[in-house]
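In what follows, a single structure is set out as structure tokens and then discussed.
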Amino acid sequence: MKKILVTGALGQIGSELVTKLRETYGKDNVIGTDIKKREDHNDADGPFEIVDVTDYDRLFEVSKEYEVDTIMHLAALLSAKAEAIPKKAWDLNMGGLVNALEVARELDLQFFTPSSIGAFGPNTPKDDTPQDTIQRPTTMYGVNKVAGELLCDYYFARFGVDTRGVRFPGLISYVTPPGGGTTDYSVEIYYEAVKNKAYISYIGEGTFMDMMYMPDALNAIIQLMEADGSKLVHRNAFNISAISAEPEDFAKAIQKYIPEFKLDYDVDPVRQEIAESWPNRIDSSAATEEWGFKAEYDLDKMTKDMLAQVEAKFQK
């Protein structure tokens with residue numbers, strides 16, 4: 001990768017990925033795009049263009065103008081939002097993806113897009129979920145992700161597009177507010193711990209899901225994209241994870257630093273149903289074997305950093 005275009009650059013992943021990529025590859029070599037600009041946008045930070053990914057011509061025009069060699073396609077509606085507006089989710093998530101893949105095909109670009117543990121369903125093995133297993137999701141978001149995995153496989157096999165991707169677990173970050181995902185409680189709990197010493201979880205007790213701290217997620221993207229393509233067997237849907245936890249695990253980790261912290265529950269039936277359809281713990285061994293994936297942060301190390309970072313934000 002030398003020149004990279006990122007769609008969905010203002011989202012939870014994109015906002016931090018663009019910064020990381022600019023630190024690594026140079027600010028002028030990373031073009032952020034989204035459907036709007038931030039109010040505090042500064043042109044000196046690096047190039048940014050307004051692009052609606054459902055507009056193929058605009059996406060092609062910007063990609064060609066900047067002579068990029070890589071597209072990182074992040075623009076999408078997340079699980080809970082997608083379930084509320086499924087038709088719009090299909091139009092954006094699938095329409096945007098096929099447009100980005102077509103641009104990559106036309107311009108011979110390397111291509112990354114994330115899948116998710118949402119691609120699994122209630123019939124998928126819950127523990128040590130294999131890399132290759134049954135995928136019958138019961139949400140529009142999950143359907144989009146399975147279709148996206150297959151579509152990326154197709155563009156690689158049929159057209160030779162160098163497509164790559166991972167199945168992200170719930171991502172935890174202090175930089176960007178949650179954006180409508182089922183695992184967002186794992187971010188909210190830290191903010192509420194610092195602010196109010198208490199949190200009411202919309203996900204029920206004993207509900208395990210895979211999680212990952214954002215620095216590990218960003219490193220995984222770059223590591224996969226820089227990996228030797230001849231060694232990649234799965235390419236577009238590598239299981240990766242760092243933490244398998246339920247809400248009570250987060251509470252216990254927080255209580256090491258904030259002993260008075262209290263956790264209660266008020267379960268949201270929609271998000272709880274989604275969470276229960278996902279695995280408890282996935283097997284990341286294929287990613288480790290094929291391109292050396294390894295997470296740095298476990299729950300305790302992440303909690304210490306999250307609390308410190310959130311505390312610093314409140315003090316500003």
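Each chain of the structure tokens is named A, B, ... in the order shown, its residues numbered from 1; ligands are numbered from 1 in display order.
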Fewer than 3 positions away in the same chain doesn't count, so skip those; otherwise give me all residues within 9 Å of range 76-81 of chain A, counting only C-alpha atoms, as JSON, numbers by chain.
-> {"A": [8, 11, 73, 84, 85, 86, 88, 89, 90, 92, 93, 94, 96, 97, 118, 139, 140, 141, 142, 179, 180, 181, 182, 270, 271, 274]}
Would you list the contacts of Asp132 in chain A as a list in words, taking every protein, DNA or RNA residue within 12 Å and counting only C-alpha atoms, but skipping same-chain residues closer than 4 positions in sequence?
->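 That gives Ala119, Phe120, Thr124, Pro125, Asp128, Arg167, Val233, His234, Asn236, Ala237, Phe238, Asn239, Ile282, Asp283, Ser284, Ser285 and Ala286 of chain A.
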Residue list (helix (DSSP H, G or I), DSSP) for range 35-126 of chain A, as a VMD selection string = chain A and resid 43 to 45 56 to 65 79 to 84 86 to 107 117 to 119
What does the file look like for those residues with C-alpha atoms, as a compact mmCIF listing (two decimals), in the first residue's frame?
```txt
# COMPACT_ATOMS: atom_id res chain seq x y z
CA ASP A 43 -7.43 20.58 5.39
CA ALA A 44 -3.94 20.47 6.87
CA ASP A 45 -4.74 17.08 8.43
CA TYR A 56 -20.42 4.79 -8.22
CA ASP A 57 -19.34 7.62 -10.52
CA ARG A 58 -18.25 9.85 -7.64
CA LEU A 59 -16.34 7.03 -5.93
CA PHE A 60 -14.60 6.15 -9.19
CA GLU A 61 -13.79 9.82 -9.92
CA VAL A 62 -12.14 10.44 -6.54
CA SER A 63 -10.22 7.14 -6.61
CA LYS A 64 -8.86 7.91 -10.06
CA GLU A 65 -8.11 11.56 -9.32
CA SER A 79 -26.21 -4.07 13.51
CA ALA A 80 -28.83 -2.34 15.66
CA LYS A 81 -29.38 0.52 13.17
CA ALA A 82 -29.56 -1.93 10.28
CA GLU A 83 -32.28 -3.89 12.05
CA ALA A 84 -34.35 -0.72 12.49
CA PRO A 86 -33.30 -3.00 6.92
CA LYS A 87 -34.02 -1.77 3.38
CA LYS A 88 -31.74 1.24 3.80
CA ALA A 89 -29.10 -1.05 5.34
CA TRP A 90 -29.20 -3.32 2.29
CA ASP A 91 -28.98 -0.41 -0.13
CA LEU A 92 -26.01 1.16 1.67
CA ASN A 93 -24.15 -1.92 2.86
CA MET A 94 -24.46 -3.96 -0.33
CA GLY A 95 -24.80 -1.19 -2.90
CA GLY A 96 -21.79 0.62 -1.50
CA LEU A 97 -19.74 -2.56 -1.34
CA VAL A 98 -20.35 -3.61 -4.93
CA ASN A 99 -19.57 -0.06 -6.11
CA ALA A 100 -16.27 -0.08 -4.21
CA LEU A 101 -15.41 -3.52 -5.58
CA GLU A 102 -16.16 -2.36 -9.11
CA VAL A 103 -13.86 0.64 -8.66
CA ALA A 104 -11.15 -1.71 -7.39
CA ARG A 105 -11.67 -3.96 -10.41
CA GLU A 106 -11.62 -1.09 -12.92
CA LEU A 107 -8.52 0.56 -11.43
CA ILE A 117 -19.08 -11.82 14.10
CA GLY A 118 -22.58 -10.75 13.03
CA ALA A 119 -22.08 -13.00 10.00
```
Of the listed residues A:Glu192, A:Glu276, A:Glu289, A:Glu205, that which approaches Ile258 in chain A most closely, counting only C-alpha atoms |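 Closest to Ile258 in chain A of all the choices is A:Glu192.
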Nearest to Asp305 in chain A: which of A:Ser115, A:Gln223, A:Ser173, A:Asn196 is it, counting only C-alpha atoms?
->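 Comparing A:Ser115, A:Gln223, A:Ser173, A:Asn196 against Asp305 in chain A, the winner is A:Ser173.
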Just list the residues in range 147-239 of chain A DSSP gives strand (DSSP E or B) on the backbone, as a list in words.
->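 Filtering range 147-239 of chain A to strand (DSSP E or B) leaves Thr163, Arg164, Val166, Arg167, Phe168, Gly170, Leu171, Ile172, Ala198, Tyr199, Ile200, Ser201, Met209, Asp210, Met211, Met212, Tyr213, Phe238 and Asn239 of chain A.
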Distance CA of Lys2 in chain A-CA of Asp34 in chain A, one decimal place?
-> 20.6 Å
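Computed from the coordinates, the CA of Val51 in chain A to CA of Leu74 in chain A distance equals 12.4 Å.
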Pick out the residues sitting within 8 Å of Lys197 in chain A, and hand them over as a PyMOL selection string; count only C-alpha atoms, and ignore anything fewer than 3 positions along from it in its own chain.
-> chain A and resi 192-194+258+260-262
Neighbour list for Leu21 in chain A as an NGL selection string, cut-off 9 Å, only C-alpha atoms, skip fewer than 6 positions in-chain = :A and (4 or 27 or 29-30 or 218 or 222)
In Å, with one decimal, what is the gap from CA of Thr70 in chain A to CA of Pro47 in chain A?
-> 15.1 Å
Among listed residues A:Gln135, A:Thr129, A:Tyr297, A:Ala147, nearest Met211 in chain A (using only C-alpha atoms) | A:Tyr297
For Thr163 in chain A: contacts at 9 Å, only C-alpha atoms, fewer than 2 positions along chain excluded, given as an NGL selection string | :A and (101 or 109-113 or 152-153 or 155-156 or 160-161 or 165 or 235-236)
Counting only C-alpha atoms, which of A:Leu10, A:Glu67, A:Arg22, A:Glu290 gets nearest to Glu39 in chain A?
->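 Closest residue, counting only C-alpha atoms: A:Leu10.
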